[in-house]
file my_file-v1.txt (compact mmCIF, C-alpha atoms and all ligand atoms)
# COMPACT_ATOMS: atom_id res chain seq x y z
CA MET A 463 -7.80 47.91 -24.19
CA ASN A 464 -10.50 48.69 -26.79
CA LYS A 465 -10.39 51.07 -29.75
CA SER A 466 -12.23 53.92 -28.05
CA SER A 467 -9.52 54.09 -25.38
CA SER A 468 -6.62 54.28 -27.80
CA THR A 469 -6.10 58.06 -27.83
CA PHE A 470 -4.16 59.61 -24.95
CA ASP A 471 -2.80 63.01 -23.97
CA VAL A 472 0.62 61.50 -23.32
CA ILE A 473 2.13 58.16 -24.23
CA ILE A 474 5.23 57.19 -22.28
CA VAL A 475 7.41 54.61 -23.96
CA GLY A 476 9.24 52.62 -21.26
CA GLY A 477 8.21 52.18 -17.65
CA GLY A 478 11.48 52.52 -15.76
CA LEU A 479 12.25 55.31 -13.28
CA ALA A 480 11.88 58.18 -15.75
CA GLY A 481 8.73 56.85 -17.43
CA LEU A 482 6.91 55.93 -14.23
CA SER A 483 7.80 59.18 -12.41
CA SER A 484 6.36 61.14 -15.33
CA ALA A 485 3.29 58.90 -15.45
CA ILE A 486 2.47 59.67 -11.80
CA HIS A 487 3.16 63.40 -12.16
CA LEU A 488 1.08 63.77 -15.34
CA SER A 489 -1.80 61.59 -14.12
CA ASN A 490 -1.97 63.66 -10.94
CA ALA A 491 -2.50 66.67 -13.25
CA ASN A 492 -5.50 64.86 -14.77
CA LEU A 493 -3.87 64.07 -18.10
CA ARG A 494 -4.73 60.80 -19.84
CA VAL A 495 -1.51 58.81 -19.71
CA LEU A 496 -0.50 55.47 -21.22
CA VAL A 497 2.79 53.81 -20.21
CA ILE A 498 3.95 51.06 -22.56
CA GLU A 499 6.53 48.82 -20.90
CA LYS A 500 7.82 45.66 -22.53
CA ASN A 501 8.54 43.80 -19.27
CA SER A 502 6.35 42.90 -16.31
CA TYR A 503 6.86 44.14 -12.73
CA PRO A 504 8.66 43.41 -10.49
CA LYS A 505 11.92 42.73 -12.30
CA HIS A 506 15.61 42.97 -11.45
CA LYS A 507 17.70 45.37 -13.55
CA VAL A 508 21.43 45.85 -14.02
CA CYS A 509 22.05 48.87 -11.80
CA GLY A 510 24.20 49.83 -8.80
CA GLU A 511 20.98 50.73 -6.89
CA TYR A 512 22.52 53.65 -4.98
CA ILE A 513 20.38 56.79 -5.47
CA SER A 514 21.39 60.32 -4.54
CA ASN A 515 19.19 62.06 -1.94
CA GLU A 516 18.59 64.88 -4.42
CA VAL A 517 15.41 63.10 -5.58
CA LEU A 518 13.81 62.65 -2.14
CA PRO A 519 11.54 65.75 -2.22
CA TYR A 520 10.26 64.79 -5.67
CA LEU A 521 9.64 61.16 -4.67
CA LYS A 522 7.68 62.55 -1.69
CA PHE A 523 5.68 64.72 -4.10
CA LEU A 524 4.93 61.53 -6.08
CA ASP A 525 3.88 59.90 -2.77
CA ILE A 526 6.72 57.38 -2.75
CA ASP A 527 8.39 56.84 0.62
CA VAL A 528 11.51 54.81 -0.06
CA PHE A 529 12.31 54.39 3.63
CA SER A 530 8.97 52.75 4.33
CA LEU A 531 10.01 50.31 1.57
CA GLY A 532 13.16 49.59 3.59
CA ALA A 533 15.74 51.68 1.69
CA LYS A 534 19.10 51.95 3.46
CA ARG A 535 20.41 55.44 4.28
CA ILE A 536 23.91 55.82 2.84
CA ASN A 537 26.26 58.66 3.76
CA LYS A 538 29.76 57.20 3.44
CA PHE A 539 31.81 56.60 0.32
CA GLN A 540 34.81 54.32 -0.13
CA LEU A 541 37.02 54.33 -3.18
CA SER A 542 39.79 51.80 -3.77
CA THR A 543 42.43 51.52 -6.49
CA THR A 544 43.39 48.42 -8.45
CA GLN A 545 46.25 48.13 -5.90
CA SER A 546 43.67 48.06 -3.08
CA LYS A 547 44.52 51.50 -1.69
CA LEU A 548 41.44 52.85 0.06
CA ILE A 549 40.10 56.38 0.49
CA SER A 550 37.00 57.01 2.58
CA THR A 551 34.91 60.15 2.74
CA THR A 552 31.48 61.41 3.70
CA LEU A 553 29.06 61.93 0.83
CA PRO A 554 28.17 65.63 0.49
CA LEU A 555 24.46 64.96 -0.05
CA GLY A 556 24.17 61.27 0.75
CA GLY A 557 21.78 58.82 -0.74
CA PHE A 558 19.95 55.54 -0.22
CA GLY A 559 20.07 51.95 -1.38
CA ILE A 560 17.00 50.29 -2.84
CA SER A 561 16.63 47.57 -5.46
CA ARG A 562 15.07 48.35 -8.84
CA PHE A 563 12.93 45.26 -8.23
CA CYS A 564 11.33 47.14 -5.34
CA LEU A 565 11.44 50.79 -6.51
CA ASP A 566 10.16 50.31 -10.08
CA HIS A 567 7.37 48.10 -8.74
CA ALA A 568 6.33 50.72 -6.17
CA LEU A 569 6.31 53.44 -8.85
CA ALA A 570 4.28 51.23 -11.23
CA ASN A 571 1.72 50.52 -8.50
CA LYS A 572 1.45 54.24 -7.73
CA ALA A 573 1.12 55.15 -11.43
CA HIS A 574 -1.72 52.65 -11.75
CA GLU A 575 -3.36 53.92 -8.53
CA VAL A 576 -3.42 57.53 -9.77
CA GLY A 577 -4.98 56.59 -13.10
CA ALA A 578 -2.20 55.94 -15.60
CA GLU A 579 -2.79 52.97 -17.87
CA ILE A 580 0.10 50.55 -18.04
CA LEU A 581 0.32 48.22 -21.00
CA GLN A 582 2.81 45.38 -21.21
CA ASP A 583 3.96 45.47 -24.81
CA SER A 584 6.94 46.48 -26.88
CA VAL A 585 6.81 49.69 -28.89
CA GLU A 586 8.05 49.07 -32.42
CA ASP A 587 7.59 52.42 -34.09
CA ILE A 588 6.70 56.05 -33.32
CA GLN A 589 5.52 58.31 -36.16
CA PHE A 590 4.81 62.03 -35.97
CA LEU A 591 2.37 63.43 -38.53
CA ASN A 592 -0.06 66.39 -38.54
CA ASP A 593 0.91 67.44 -35.02
CA GLU A 594 0.06 64.00 -33.59
CA PHE A 595 1.97 60.84 -32.68
CA SER A 596 1.08 57.31 -33.77
CA VAL A 597 2.66 54.62 -31.61
CA ASN A 598 2.81 51.06 -32.90
CA THR A 599 3.31 48.14 -30.56
CA LYS A 600 4.14 44.50 -31.18
CA ASN A 601 0.91 42.96 -29.91
CA THR A 602 -1.75 45.64 -29.61
CA GLU A 603 -3.32 48.21 -31.88
CA LEU A 604 -2.08 51.62 -32.85
CA PHE A 605 -2.15 54.33 -30.16
CA LYS A 606 -2.37 58.07 -30.70
CA ALA A 607 -1.25 60.97 -28.53
CA LYS A 608 -0.43 64.64 -28.61
CA ILE A 609 2.82 64.09 -26.69
CA VAL A 610 5.23 61.16 -26.53
CA ILE A 611 7.93 60.77 -23.88
CA GLY A 612 10.80 58.45 -24.82
CA ALA A 613 11.84 56.78 -21.57
CA TYR A 614 12.97 53.45 -22.95
CA GLY A 615 16.43 53.37 -21.41
CA LYS A 616 19.96 53.06 -22.70
CA ARG A 617 19.28 51.46 -26.07
CA SER A 618 16.35 49.96 -27.87
CA ASN A 619 15.10 48.85 -31.25
CA LEU A 620 13.49 52.31 -31.39
CA ASP A 621 16.88 54.02 -31.57
CA ILE A 622 17.51 52.22 -34.87
CA LYS A 623 14.04 53.20 -36.13
CA LEU A 624 14.71 56.82 -35.14
CA ASN A 625 18.08 56.67 -36.90
CA ARG A 626 19.89 57.95 -33.80
CA GLN A 627 23.63 58.42 -34.26
CA PHE A 628 24.93 56.72 -31.09
CA ILE A 629 23.35 53.36 -32.00
CA LYS A 630 25.49 53.12 -35.11
CA ARG A 631 28.71 52.90 -33.09
CA LYS A 632 29.62 49.71 -31.19
CA SER A 633 30.36 50.14 -27.50
CA PRO A 634 32.92 47.98 -25.66
CA TYR A 635 31.25 48.24 -22.25
CA LEU A 636 29.38 45.44 -20.54
CA ALA A 637 28.00 45.25 -17.01
CA VAL A 638 27.26 42.48 -14.52
CA LYS A 639 25.03 42.75 -11.46
CA THR A 640 24.17 40.36 -8.69
CA HIS A 641 22.86 40.39 -5.15
CA VAL A 642 24.77 38.58 -2.44
CA ALA A 643 24.09 37.87 1.22
CA GLY A 644 26.70 38.63 3.85
CA ILE A 645 28.15 41.35 6.01
CA PHE A 646 28.49 44.90 4.67
CA PRO A 647 27.73 48.21 6.39
CA ASP A 648 24.27 49.67 5.67
CA ASP A 649 25.56 53.24 5.29
CA VAL A 650 28.42 52.75 2.81
CA VAL A 651 28.60 52.80 -0.97
CA ALA A 652 31.95 51.51 -2.21
CA LEU A 653 33.56 51.84 -5.61
CA HIS A 654 36.37 49.35 -6.04
CA ASN A 655 38.55 49.56 -9.12
CA PHE A 656 40.00 46.53 -10.85
CA GLU A 657 42.05 46.31 -14.01
CA GLY A 658 39.73 47.26 -16.85
CA GLY A 659 36.73 48.31 -14.78
CA TYR A 660 35.10 49.25 -11.48
CA CYS A 661 32.60 47.63 -9.16
CA GLY A 662 30.00 49.31 -6.95
CA VAL A 663 28.94 47.71 -3.67
CA SER A 664 26.09 48.83 -1.42
CA LYS A 665 23.15 47.42 0.47
CA VAL A 666 19.49 47.43 -0.58
CA GLU A 667 16.18 47.25 1.30
CA ASN A 668 16.14 43.53 2.11
CA ASP A 669 19.71 43.50 3.49
CA ASN A 670 21.08 42.01 0.28
CA ILE A 671 24.31 43.50 -1.00
CA ASN A 672 24.28 44.81 -4.55
CA VAL A 673 27.48 44.02 -6.44
CA CYS A 674 27.53 45.64 -9.87
CA TYR A 675 30.50 46.14 -12.17
CA ILE A 676 31.28 47.51 -15.56
CA THR A 677 34.16 46.37 -17.75
CA ASN A 678 35.47 46.11 -21.26
CA VAL A 679 34.20 43.23 -23.39
CA ASN A 680 37.66 42.52 -24.87
CA ARG A 681 39.11 42.01 -21.43
CA PHE A 682 36.15 39.90 -20.35
CA LYS A 683 36.37 37.62 -23.40
CA LYS A 684 39.75 36.28 -22.29
CA TYR A 685 38.06 34.31 -19.51
CA LYS A 686 35.83 31.23 -19.64
CA ASN A 687 32.93 32.70 -17.72
CA ILE A 688 31.82 35.35 -15.22
CA ASP A 689 33.06 33.32 -12.28
CA GLU A 690 36.57 32.97 -13.67
CA PHE A 691 36.66 36.68 -14.60
CA GLN A 692 35.64 37.65 -11.08
CA GLN A 693 38.15 35.31 -9.42
CA LYS A 694 41.08 36.22 -11.69
CA VAL A 695 40.48 39.93 -12.31
CA LEU A 696 38.15 41.50 -9.74
CA CYS A 697 39.65 39.53 -6.85
CA GLN A 698 43.04 41.14 -7.48
CA ASN A 699 41.51 43.98 -5.48
CA MET A 700 41.52 42.74 -1.88
CA PHE A 701 38.22 44.47 -1.02
CA LEU A 702 36.43 42.72 -3.87
CA ARG A 703 38.18 39.45 -2.99
CA HIS A 704 36.80 39.78 0.53
CA ILE A 705 33.28 40.45 -0.77
CA PHE A 706 33.24 37.58 -3.26
CA ASN A 707 34.80 35.13 -0.81
CA SER A 708 32.77 36.02 2.28
CA THR A 709 29.24 36.25 0.82
CA ASN A 710 26.72 33.91 -0.79
CA PRO A 711 25.01 34.63 -4.12
CA VAL A 712 21.29 35.37 -3.90
CA PHE A 713 20.62 35.28 -7.65
CA GLU A 714 20.88 31.95 -9.46
CA GLU A 715 22.85 33.70 -12.20
CA PRO A 716 24.15 37.30 -12.36
CA LEU A 717 22.38 39.65 -14.78
CA THR A 718 24.39 41.03 -17.67
CA ILE A 719 24.01 43.75 -20.28
CA SER A 720 26.34 44.78 -23.09
CA GLN A 721 26.70 47.62 -25.59
CA ILE A 722 26.47 50.32 -22.90
CA SER A 723 27.04 53.57 -24.73
CA PHE A 724 28.04 56.87 -23.14
CA ASP A 725 27.95 58.74 -26.45
CA ALA A 726 26.01 61.98 -26.67
CA LYS A 727 22.32 61.74 -27.63
CA LYS A 728 19.70 64.35 -28.42
CA PRO A 729 17.15 65.05 -25.65
CA VAL A 730 14.49 65.85 -28.29
CA GLU A 731 14.26 63.69 -31.38
CA ASN A 732 11.46 63.58 -33.95
CA HIS A 733 9.44 65.77 -31.50
CA ILE A 734 9.73 63.07 -28.79
CA LEU A 735 10.87 64.39 -25.39
CA MET A 736 13.58 61.97 -24.27
CA CYS A 737 13.95 61.32 -20.54
CA GLY A 738 16.46 59.40 -18.42
CA ASP A 739 18.98 57.19 -20.22
CA THR A 740 17.16 57.74 -23.52
CA ALA A 741 18.44 61.32 -23.41
CA ALA A 742 21.92 60.54 -22.02
CA LEU A 743 23.71 58.06 -19.80
CA ILE A 744 26.19 59.31 -17.21
CA HIS A 745 29.06 56.98 -16.27
CA PRO A 746 27.79 54.72 -13.48
CA LEU A 747 30.84 55.50 -11.34
CA CYS A 748 29.15 58.83 -10.59
CA GLY A 749 26.22 56.91 -9.08
CA ASN A 750 23.54 59.31 -10.23
CA GLY A 751 22.00 58.08 -13.48
CA MET A 752 18.81 57.32 -11.57
CA SER A 753 18.53 60.81 -10.11
CA ILE A 754 19.13 62.29 -13.57
CA ALA A 755 16.36 60.03 -14.92
CA ILE A 756 13.93 61.11 -12.20
CA ARG A 757 14.87 64.79 -12.48
CA SER A 758 14.44 64.81 -16.26
CA ALA A 759 11.01 63.22 -15.79
CA GLN A 760 10.01 66.07 -13.48
CA MET A 761 11.34 68.63 -15.95
CA ALA A 762 9.41 67.15 -18.88
CA SER A 763 6.23 66.70 -16.81
CA VAL A 764 6.10 70.33 -15.62
CA LEU A 765 6.56 71.60 -19.19
CA ILE A 766 3.99 69.16 -20.62
CA ILE A 767 1.42 70.28 -18.03
CA ASN A 768 2.10 73.91 -19.00
CA TYR A 769 1.64 72.94 -22.65
CA PHE A 770 -1.76 71.34 -22.02
CA ASN A 771 -2.79 74.34 -19.89
CA SER A 772 -1.87 76.58 -22.84
CA GLU A 773 0.81 78.29 -20.77
CA THR A 774 3.32 77.32 -23.46
CA SER A 775 2.61 78.85 -26.85
CA ASP A 776 3.15 75.76 -29.01
CA ARG A 777 5.06 72.52 -29.51
CA ASP A 778 8.15 74.28 -30.76
CA ALA A 779 8.32 76.38 -27.57
CA LEU A 780 7.83 73.24 -25.46
CA GLU A 781 10.70 71.42 -27.17
CA LYS A 782 13.05 74.41 -26.99
CA GLN A 783 12.30 74.97 -23.31
CA TYR A 784 12.90 71.28 -22.48
CA LEU A 785 16.20 71.31 -24.36
CA ARG A 786 17.27 74.49 -22.59
CA GLU A 787 16.44 73.24 -19.11
CA TRP A 788 17.92 69.81 -19.81
CA ASN A 789 21.24 71.32 -20.90
CA VAL A 790 21.42 73.61 -17.87
CA ALA A 791 20.67 70.76 -15.47
CA PHE A 792 22.76 67.95 -16.91
CA LYS A 793 25.37 68.96 -19.47
CA SER A 794 28.12 69.85 -17.01
CA ARG A 795 27.37 66.81 -14.80
CA LEU A 796 27.74 64.53 -17.82
CA LYS A 797 30.97 66.24 -18.85
CA THR A 798 32.53 65.80 -15.40
CA GLY A 799 31.36 62.17 -15.41
CA HIS A 800 33.15 61.57 -18.72
CA MET A 801 36.33 63.21 -17.43
CA VAL A 802 36.39 61.14 -14.24
CA ALA A 803 35.71 57.93 -16.19
CA ASN A 804 38.56 58.75 -18.58
CA VAL A 805 40.95 59.16 -15.67
CA PHE A 806 39.92 55.80 -14.20
CA ASN A 807 40.37 54.19 -17.63
CA GLN A 808 44.07 55.08 -17.55
CA PRO A 809 45.86 53.17 -14.77
CA LYS A 810 48.77 55.62 -14.42
CA LEU A 811 46.54 58.68 -14.33
CA SER A 812 44.17 57.08 -11.83
CA GLN A 813 47.18 56.24 -9.59
CA VAL A 814 48.21 59.90 -9.68
CA LEU A 815 44.65 60.96 -8.84
CA MET A 816 44.40 58.51 -5.96
CA HIS A 817 47.78 59.65 -4.64
CA GLY A 818 46.56 63.26 -4.79
CA LEU A 819 43.33 62.31 -3.02
CA LYS A 820 45.28 60.63 -0.20
CA TRP A 821 47.04 63.95 0.46
CA PHE A 822 44.07 66.20 -0.27
CA PRO A 823 40.99 64.13 0.64
CA ALA A 824 38.74 67.23 0.47
CA ILE A 825 39.00 67.09 -3.34
CA LEU A 826 36.90 63.92 -3.47
CA PRO A 827 33.63 65.40 -2.14
CA SER A 828 34.08 68.35 -4.49
CA ILE A 829 34.42 65.98 -7.50
CA ILE A 830 31.31 64.11 -6.28
CA LYS A 831 29.42 67.43 -5.97
CA ARG A 832 30.22 68.26 -9.60
CA THR A 833 28.49 65.13 -10.87
CA HIS A 834 25.52 65.45 -8.51
CA GLY A 835 22.69 67.94 -8.56
CA LYS A 836 21.23 69.99 -5.75
CA ILE A 837 18.18 68.77 -3.82
CA MET A 838 15.21 68.90 -6.20
CA THR A 839 12.60 71.58 -5.71
CA ILE A 840 8.93 71.00 -6.35
CA GLU A 841 7.18 73.21 -8.88
C1 LIG B 1 26.29 49.06 -14.59
C2 LIG B 1 25.44 50.21 -14.21
C3 LIG B 1 25.35 50.60 -12.88
C4 LIG B 1 24.58 51.71 -12.53
N1 LIG B 1 24.52 52.09 -11.23
C5 LIG B 1 23.83 53.19 -10.88
C6 LIG B 1 23.76 53.61 -9.51
O1 LIG B 1 24.29 52.99 -8.59
N2 LIG B 1 23.07 54.75 -9.25
C7 LIG B 1 22.43 55.48 -10.19
O2 LIG B 1 21.82 56.50 -9.88
N3 LIG B 1 22.44 55.06 -11.49
C8 LIG B 1 23.11 53.95 -11.85
N4 LIG B 1 23.10 53.52 -13.14
C9 LIG B 1 22.29 54.25 -14.12
C10 LIG B 1 20.83 53.86 -13.98
O3 LIG B 1 20.66 52.48 -13.99
C11 LIG B 1 20.03 54.48 -15.13
O4 LIG B 1 20.41 55.82 -15.30
C12 LIG B 1 18.52 54.39 -14.87
O5 LIG B 1 18.12 53.07 -14.84
C13 LIG B 1 17.77 55.15 -15.96
O6 LIG B 1 16.39 54.96 -15.81
P1 LIG B 1 15.45 55.07 -17.07
O7 LIG B 1 14.06 55.14 -16.56
O8 LIG B 1 15.95 56.12 -17.98
O9 LIG B 1 15.68 53.71 -17.89
P2 LIG B 1 15.34 52.21 -17.47
O10 LIG B 1 15.24 52.05 -16.03
O11 LIG B 1 16.32 51.37 -18.24
O12 LIG B 1 13.88 52.00 -18.07
C14 LIG B 1 13.64 51.87 -19.43
C15 LIG B 1 12.45 50.93 -19.62
O13 LIG B 1 12.04 50.94 -20.99
C16 LIG B 1 11.65 49.63 -21.34
N5 LIG B 1 11.73 49.55 -22.82
C17 LIG B 1 12.85 49.56 -23.60
N6 LIG B 1 12.52 49.50 -24.89
C18 LIG B 1 11.15 49.44 -24.95
C19 LIG B 1 10.22 49.36 -25.99
N7 LIG B 1 10.60 49.33 -27.27
N8 LIG B 1 8.90 49.28 -25.70
C20 LIG B 1 8.48 49.31 -24.39
N9 LIG B 1 9.35 49.39 -23.33
C21 LIG B 1 10.65 49.46 -23.62
C22 LIG B 1 12.62 48.71 -20.60
O14 LIG B 1 12.09 47.43 -20.42
C23 LIG B 1 12.81 49.48 -19.28
O15 LIG B 1 11.95 49.02 -18.27
C24 LIG B 1 23.86 52.41 -13.52
C25 LIG B 1 23.92 52.00 -14.86
C26 LIG B 1 24.70 50.92 -15.21
C27 LIG B 1 24.78 50.49 -16.64
call {"tool": "encode", "arguments": {"input": "my_file-v1.txt", "output": "structure tokens", "more": "lines below"}}
Ligand SMILES: Cc1cc2nc3c(=O)[nH]c(=O)nc-3n(C[C@H](O)[C@H](O)[C@H](O)COP(=O)(O)OP(=O)(O)OC[C@H]3O[C@@H](n4cnc5c(N)ncnc54)[C@H](O)[C@@H]3O)c2cc1C
result
Amino acid sequence: MNKSSSTFDVIIVGGGLAGLSSAIHLSNANLRVLVIEKNSYPKHKVCGEYISNEVLPYLKFLDIDVFSLGAKRINKFQLSTTQSKLISTTLPLGGFGISRFCLDHALANKAHEVGAEILQDSVEDIQFLNDEFSVNTKNTELFKAKIVIGAYGKRSNLDIKLNRQFIKRKSPYLAVKTHVAGIFPDDVVALHNFEGGYCGVSKVENDNINVCYITNVNRFKKYKNIDEFQQKVLCQNMFLRHIFNSTNPVFEEPLTISQISFDAKKPVENHILMCGDTAALIHPLCGNGMSIAIRSAQMASVLIINYFNSETSDRDALEKQYLREWNVAFKSRLKTGHMVANVFNQPKLSQVLMHGLKWFPAILPSIIKRTHGKIMTIE
């Protein structure tokens, strides 16, 4: 990339689901877009890989057909307690299973096809001065843009640079994800609880089974390694025992991440419009962080296009409108997600909940509905 090409309308920091969806949307509106992503594609990510159907119309609008990529249609939900008591229900909206390896790659290819530039580099600093952003990367020159979208995920070196509050507090959560080969229904997403955490299980496009769990680091540290933790803790739940003992690992080693924070963040910081996990992370047990990421990308993109078309009066109006829409769309979903996670964190309370659900199974879909959005509309 030479010097003359270093000024863009929009720079998107991070090329995950939020960043790439925005890149396609904005490039289709003829804006000059640069995505800066520190990793190459395709790449596996720690994620449960179950996505709510709410995003299907928008993915279609972006010209991404997940079913032609092999995504599995999922419409059943199973929930089990640490004592292996199982509740099954139909998902109100349903969803699909697709690996991040496949989906992020497809979005990156589409972004490139519609004219977005994608640079593999790590953003080290973002400065805002005289109504313009300067974006510094590790290996390349300085880039300039009128608008910057922060779509760099759950946590990054940039959060320290931006002096964001949540990064100052340590988080006890860590997550492990692997793919295994074996028998599991295509149309089910399961959430199996174990002492100190929960594990999602569902299939992805190539028939592999995604097994992804989240737990507390202090509990995890008592065991020699991941294998011992899984055998001694997760396998106390008979459904997880069956999965671990009847399947073969596909990955050489599971992927892990730590310091997963669910603390509140600001969706606009230093004039940067934050999208996806950079704006907030919903508890993974709700299974809709990805749809929130994609929906927030749509929201930001529509407003940014209005801004460049002079339909929005100025930057201040753009930021206020984004904040307003973001709060309306996500605040209550996040709150319900926190409440449900708190219940599952307390064994006695979660037993009471599960007992209640056994007697009144209709409550479960209504809890699910509260953490999920409605089918997205295209503007
Ligand atoms: C254990 C677990 C299980 C989950 N399961 C589900 C599930 O089943 N369903 C669901 O809907 N959601 C799930 N989620 C949530 C979901 O994974 C996230 O909400 C989603 O990935 C958010 O997408 P994003 O685009 O915001 O961020 P990401 O996909 O994380 O993308 C951010 C990108 O930014 C890049 N980046 C970071 N820093 C920089 C930098 N300085 N410079 C350049 N690039 C940078 C990263 O490399 C990354 O590619 C789960 C989350 C966890 C932790």
call {"tool": "closest_atom_pairs", "arguments": {"input": "my_file-v1.txt", "of": "segment 667-756 of chain A", "to": "segment 563-568 of chain A", "cutoff": "12 Å", "atoms": "only C-alpha atoms", "output": "CSV"}}
result
residue,atom,partner,partner_atom,distance
A:Glu667,CA,A:Cys564,CA,8.2
A:Asn668,CA,A:Cys564,CA,9.6
A:Asn672,CA,A:Phe563,CA,11.9
A:Met752,CA,A:Leu565,CA,11.1
A:Ile756,CA,A:Asp566,CA,11.6
call {"tool": "closest_residue", "arguments": {"input": "my_file-v1.txt", "among": "A:Gly557, A:Pro711, A:Gly738, A:Gly658", "to": "Ser483 of chain A", "atoms": "all atoms listed in the file"}}
result
A:Gly738
call {"tool": "closest_residue", "arguments": {"input": "my_file-v1.txt", "among": "A:Thr543, A:Asn710, A:Asn492, A:Ser618", "to": "Lys810 of chain A", "atoms": "all atoms listed in the file"}}
result
A:Thr543
call {"tool": "residues_near_point", "arguments": {"input": "my_file-v1.txt", "point": "(29.3, 66.3, -7.9)", "cutoff": "9 Å", "atoms": "all atoms listed in the file", "output": "tab-separated table (two decimals) with C-alpha atoms, in the coordinates of the input"}}
result
chain	number	residue	atom	x	y	z
A	554	PRO	CA	28.17	65.63	0.49
A	748	CYS	CA	29.15	58.83	-10.59
A	795	ARG	CA	27.37	66.81	-14.80
A	798	THR	CA	32.53	65.80	-15.40
A	799	GLY	CA	31.36	62.17	-15.41
A	827	PRO	CA	33.63	65.40	-2.14
A	828	SER	CA	34.08	68.35	-4.49
A	829	ILE	CA	34.42	65.98	-7.50
A	830	ILE	CA	31.31	64.11	-6.28
A	831	LYS	CA	29.42	67.43	-5.97
A	832	ARG	CA	30.22	68.26	-9.60
A	833	THR	CA	28.49	65.13	-10.87
A	834	HIS	CA	25.52	65.45	-8.51
A	835	GLY	CA	22.69	67.94	-8.56
call {"tool": "residues_around", "arguments": {"input": "my_file-v1.txt", "residues": "Leu496 of chain A", "least_positions_apart": "2", "cutoff": "7 Å", "atoms": "all atoms listed in the file", "output": "list of chain:residue names"}}
result
A:Phe470, A:Val472, A:Ile473, A:Ile474, A:Arg494, A:Ile498, A:Ala578, A:Glu579, A:Ile580
call {"tool": "atom_distance", "arguments": {"input": "my_file-v1.txt", "atom1": "atom CA of Tyr675 of chain A", "atom2": "atom CA of Ile629 of chain A"}}
result
22.3 Å
call {"tool": "atom_distance", "arguments": {"input": "my_file-v1.txt", "atom1": "atom CA of Asp669 of chain A", "atom2": "atom CA of Asp648 of chain A"}}
result
8.0 Å
call {"tool": "closest_residue", "arguments": {"input": "my_file-v1.txt", "among": "A:Asn732, A:Asn789, A:Asn625, A:Ser708", "to": "Phe595 of chain A", "atoms": "all atoms listed in the file"}}
result
A:Asn732
call {"tool": "atom_distance", "arguments": {"input": "my_file-v1.txt", "atom1": "atom CA of Cys674 of chain A", "atom2": "atom CA of Lys836 of chain A"}}
result
25.5 Å
call {"tool": "residues_around", "arguments": {"input": "my_file-v1.txt", "residues": "Trp788 of chain A", "least_positions_apart": "3", "cutoff": "12 Å", "atoms": "only C-alpha atoms", "output": "MDAnalysis selection string"}}
result
chainID A and resid 728:730 735:738 741:742 754:755 757:762 765 781:785 791:796
call {"tool": "axis_aligned_box", "arguments": {"input": "my_file-v1.txt", "around": "ligand LIG 1 (chain B)", "padding_each_side": "8 Å", "output": "JSON"}}
result
{"center_x": 17.4, "center_y": 52.0, "center_z": -17.9, "size_x": 33.8, "size_y": 25.1, "size_z": 34.7}
call {"tool": "closest_residue", "arguments": {"input": "my_file-v1.txt", "among": "A:Ser584, A:Asn655, A:Asn598, A:Gln813", "to": "Gln540 of chain A", "atoms": "all atoms listed in the file"}}
result
A:Asn655
call {"tool": "closest_residue", "arguments": {"input": "my_file-v1.txt", "among": "A:Gln698, A:Asn750, A:Thr469, A:Asn571", "to": "Glu516 of chain A", "atoms": "all atoms listed in the file"}}
result
A:Asn750
